[in-house]
Structure formats: C-alpha cells, structure tokens
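> The structure under discussion is supplied below as structure tokens; questions concerning it will follow.
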Amino acid sequence: MIPVSVVTSVPDIGPRSVGRSEILRAVTIDTDIYVPPPDDEFPERIAAVIEALIRDGIAAGAEALRPIAYARRDIERRRSLPRSVLGTVFRRDSFTCRYCGGRLIPTPIMVLLSSVYPDEFPFHPNRKGGLTHPAILSRSPIVDHVIPGSRGGDWRSIENMVTACWPCNSRKGDLPLARLGWRRRPIADDGWDGLTGHYAMLFQVAGEPKAAYHRAWMTALQAVLP
Ligand SMILES: [Zn+2]
C-alpha cells in the first residue's frame, strides 16, 4: 500500500470513472485498506451458546445454537468436472471471481511459469504451504456450485456454476449464499482474459513441457495453439 506521506497533492489518477473519491478516501483516511471481515454472525452466536450453556445448562445452549446448527451431511465424492466445462465457465466469467471480483489466472498457466522459474515461482502439486507461490493459492480459479449438490443444486448445470477464487470458495464452503449474505457479482467486462492470450507463446518459450497436459488446457481455455 502507498504510505500517506508519499501523497503530497491530489494525484492525477486518470479518468473520473476510476473512482477518484474512493481512491482519495482510501489514501487520506488510512495507509492500508483493511480486508473486510466475514459477514456471518458466528462469533456472536457462539458466544451466546457458550453463555447460555454455562448459565442455564445443555438445553439452553442447544436452543441458542439452533440458528446456526449444522447438520452433518455426506458430501458425495464427485468426479471432477471436465476441463472443457471449467474453461467455458472461466471464460464466460472473464476469469474473475464472481464473489470478490478478483482477477484470476488459470493454474496451468502459473504451473507453466513455475517450470521456468521453479525457485522464484514455486509450485507443489499438493499446494503445500512454503513450497507454492502465494499467487497460485490466491489467484487460481475454480468452479463453484452456487447451490451445492449437497443442498439440491444441479452439479451439471452451467447456470449453477460460477468462477471463484480459492479463498472465497473456502469461505463459502457448502453454505448457500443467503446464509452468508453474499450475492454474485455481475460478469466483469474489462477485457481480462486470465492471461490465456499469452498461454501458447509461454508454452513455446518454456520449451513445451508436459505437452499433452498443456495442449488439453489450451484447447479447454480456447488459447491459440502454436
Ligand atoms: Zn474471490
């Protein structure tokens, strides 16, 4: 983030559509922009449960727990979606998280970059912390089912799928959007292509490693094959 002291006058920040007042507010009020907290009520609810349990016993605690009670469910171990479906959903959503609006880059493109710079941009197949570049953890897209199959959503319908970043997907879990107070962002229209426009050239420059894997992904992402 830009320290306040660096900003000595109203900066030229380009067209007004950028959101001049928002930027100025962010710069003048604080040096950093805070990550918004999760907007569930879990801490307050759980405090109420513990207080009721201590004060009035098991039944009172259970009563306080009812609004956030979570019934165990079997989440079907499902086969992963075909690459072609993933590619279609990512492309439809302009490679942007439909929950937080973050720009995303398909994992195979970052894996390819990692093959060129294994020390500076490491990748571990199990995404082990310490062995995987943070961009791969925060900027890889996945397909999220808006209404999870465990809650009656259609696993196969593209209409029930959105592009999401890993952090949003992990915050969402298998909860419905209404429970989280979330809604889907409209599809971004800023021309972001997830760097798929560079995929084919990067593949060549990298020496065409794992050719079958990358060619399959290039086809799915409709990247131009060399
Ligand atoms: Zn996100």
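In the structure tokens, chains take letters A, B, ... by order of appearance, with residues numbered from 1 within each chain and ligands from 1 in the order shown.
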Identify, counting only C-alpha atoms and all ligand atoms, the protein, DNA and RNA residues located within 6 Å of ligand 1, and give them as a ChimeraX atom specification.

/A:97,99-100,102,164-165,168

> Go ahead and save the picked residues with N, CA and C atoms, as a compact mmCIF listing (two decimals), in the first residue's frame.


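The resulting out05.txt:
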# COMPACT_ATOMS: atom_id res chain seq x y z
N CYS A 97 -13.29 -13.67 -10.14
CA CYS A 97 -14.08 -14.29 -9.07
C CYS A 97 -15.44 -13.61 -8.97
N TYR A 99 -17.46 -13.72 -6.65
CA TYR A 99 -17.80 -13.30 -5.30
C TYR A 99 -17.01 -12.04 -4.90
N CYS A 100 -15.67 -12.09 -5.00
CA CYS A 100 -14.89 -10.93 -4.54
C CYS A 100 -14.46 -10.02 -5.68
N GLY A 102 -11.96 -10.58 -7.74
CA GLY A 102 -10.52 -10.66 -8.00
C GLY A 102 -10.22 -11.24 -9.38
N ALA A 164 -14.74 -18.89 -9.10
CA ALA A 164 -14.42 -18.35 -7.77
C ALA A 164 -12.94 -18.54 -7.49
N CYS A 165 -12.40 -17.65 -6.66
CA CYS A 165 -11.02 -17.85 -6.20
C CYS A 165 -11.03 -18.86 -5.06
N CYS A 168 -12.32 -17.40 -1.57
CA CYS A 168 -13.79 -17.24 -1.48
C CYS A 168 -14.45 -18.61 -1.40

> Based on DSSP run over this structure's backbone, return all residues of range 47-152 of chain A in strand (DSSP E or B), as a ChimeraX atom specification.

/A:96,103,141-145

> Hey, can you spit out that residue selection with C-alpha atoms as a JSON list (two decimals), in the first residue's frame?


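Everything below was put into result13.json:
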[["chain", "number", "residue", "atom", "x", "y", "z"],
["A", 96, "THR", "CA", -12.79, -13.10, -12.45],
["A", 103, "ARG", "CA", -8.72, -11.25, -11.30],
["A", 141, "PRO", "CA", -9.81, -20.06, -10.36],
["A", 142, "ILE", "CA", -12.06, -22.96, -9.53],
["A", 143, "VAL", "CA", -15.66, -23.64, -10.44],
["A", 144, "ASP", "CA", -18.01, -23.19, -7.50],
["A", 145, "HIS", "CA", -21.52, -24.59, -7.44]]

> DSSP on the backbone, helix (DSSP H, G or I) only: what residues of range 14-199 of chain A does that give? Format it as a PyMOL selection string.

chain A and resi 16-18+20-29+42-56+58-68+83-92+107-116+134-139+149-151+158-160+166-172+177-180+196-199

> Select, from A:Ala200, A:Ala59, A:Met161, A:Ala206, the residue with the minimum atom-to-atom distance to Tyr117 in chain A, counting only C-alpha atoms.

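Between A:Ala200, A:Ala59, A:Met161, A:Ala206, the residue approaching Tyr117 in chain A most closely is A:Ala206.
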
> Would you mind listing what lies within 12 Å of Gln204 in chain A as a list of chain:residue names, with only C-alpha atoms counted and same-chain residues fewer than 3 positions away left out?

A:Leu112, A:Leu113, A:Val116, A:His198, A:Tyr199, A:Ala200, A:Met201, A:Gly207, A:Glu208, A:Pro209, A:Lys210, A:Ala211, A:His214, A:Arg215, A:Val224, A:Leu225, A:Pro226

> Tell me, in Å to one decimal, how far CA of Ile68 in chain A is from CA of Leu180 in chain A.

11.4 Å

> Hey, what's within 9 Å of range 104-110 of chain A if we count only C-alpha atoms and toss same-chain stuff fewer than 5 positions away? As JSON, numbers by chain, please?

{"A": [90, 94, 95, 96, 97, 115, 121, 123, 135, 136, 138, 139, 140, 141, 142, 164, 165, 192, 193, 194, 195, 196, 198, 199, 202, 203, 213, 214, 217, 221]}

> Please produce an output containing C-alpha atoms for each residue in the selection, written as a PDB file, in the first residue's frame.


ATOM      1  CA  PHE A  90     -13.925 -19.335 -16.571  1.00  0.00           C
ATOM      2  CA  SER A  94     -13.891 -13.238 -17.677  1.00  0.00           C
ATOM      3  CA  PHE A  95     -11.538 -15.171 -15.377  1.00  0.00           C
ATOM      4  CA  THR A  96     -12.787 -13.103 -12.446  1.00  0.00           C
ATOM      5  CA  CYS A  97     -14.076 -14.293  -9.065  1.00  0.00           C
ATOM      6  CA  SER A 115       8.502 -24.599 -14.759  1.00  0.00           C
ATOM      7  CA  PHE A 121       7.746 -19.031  -8.508  1.00  0.00           C
ATOM      8  CA  PHE A 123       4.612 -24.860  -7.326  1.00  0.00           C
ATOM      9  CA  ALA A 135      -0.291 -16.252  -6.189  1.00  0.00           C
ATOM     10  CA  ILE A 136      -1.150 -19.842  -7.026  1.00  0.00           C
ATOM     11  CA  SER A 138      -4.935 -16.851  -4.055  1.00  0.00           C
ATOM     12  CA  ARG A 139      -5.373 -16.371  -7.819  1.00  0.00           C
ATOM     13  CA  SER A 140      -6.229 -19.818  -9.141  1.00  0.00           C
ATOM     14  CA  PRO A 141      -9.807 -20.064 -10.360  1.00  0.00           C
ATOM     15  CA  ILE A 142     -12.059 -22.957  -9.534  1.00  0.00           C
ATOM     16  CA  ALA A 164     -14.416 -18.349  -7.773  1.00  0.00           C
ATOM     17  CA  CYS A 165     -11.017 -17.847  -6.205  1.00  0.00           C
ATOM     18  CA  TRP A 192      -9.291  -9.592 -18.537  1.00  0.00           C
ATOM     19  CA  ASP A 193      -8.525 -12.923 -20.207  1.00  0.00           C
ATOM     20  CA  GLY A 194      -6.731 -14.684 -17.368  1.00  0.00           C
ATOM     21  CA  LEU A 195      -3.524 -14.301 -19.439  1.00  0.00           C
ATOM     22  CA  THR A 196      -4.796 -17.043 -21.753  1.00  0.00           C
ATOM     23  CA  HIS A 198      -0.117 -15.494 -23.622  1.00  0.00           C
ATOM     24  CA  TYR A 199      -0.548 -19.202 -22.913  1.00  0.00           C
ATOM     25  CA  LEU A 202       4.590 -19.019 -22.949  1.00  0.00           C
ATOM     26  CA  PHE A 203       4.301 -22.744 -23.719  1.00  0.00           C
ATOM     27  CA  TYR A 213      -1.432 -31.606 -20.284  1.00  0.00           C
ATOM     28  CA  HIS A 214      -0.908 -28.079 -21.578  1.00  0.00           C
ATOM     29  CA  TRP A 217      -5.760 -26.979 -21.207  1.00  0.00           C
ATOM     30  CA  LEU A 221      -9.346 -22.394 -22.433  1.00  0.00           C
TER      31      LEU A 221
END

> If you count only C-alpha atoms, which residues fall within 12 Å of range 39-41 of chain A, apart from same-chain ones fewer than 2 positions away, as an MDAnalysis selection string?

chainID A and resid 35:37 43:48 65 67:68 171:172 175 177:182
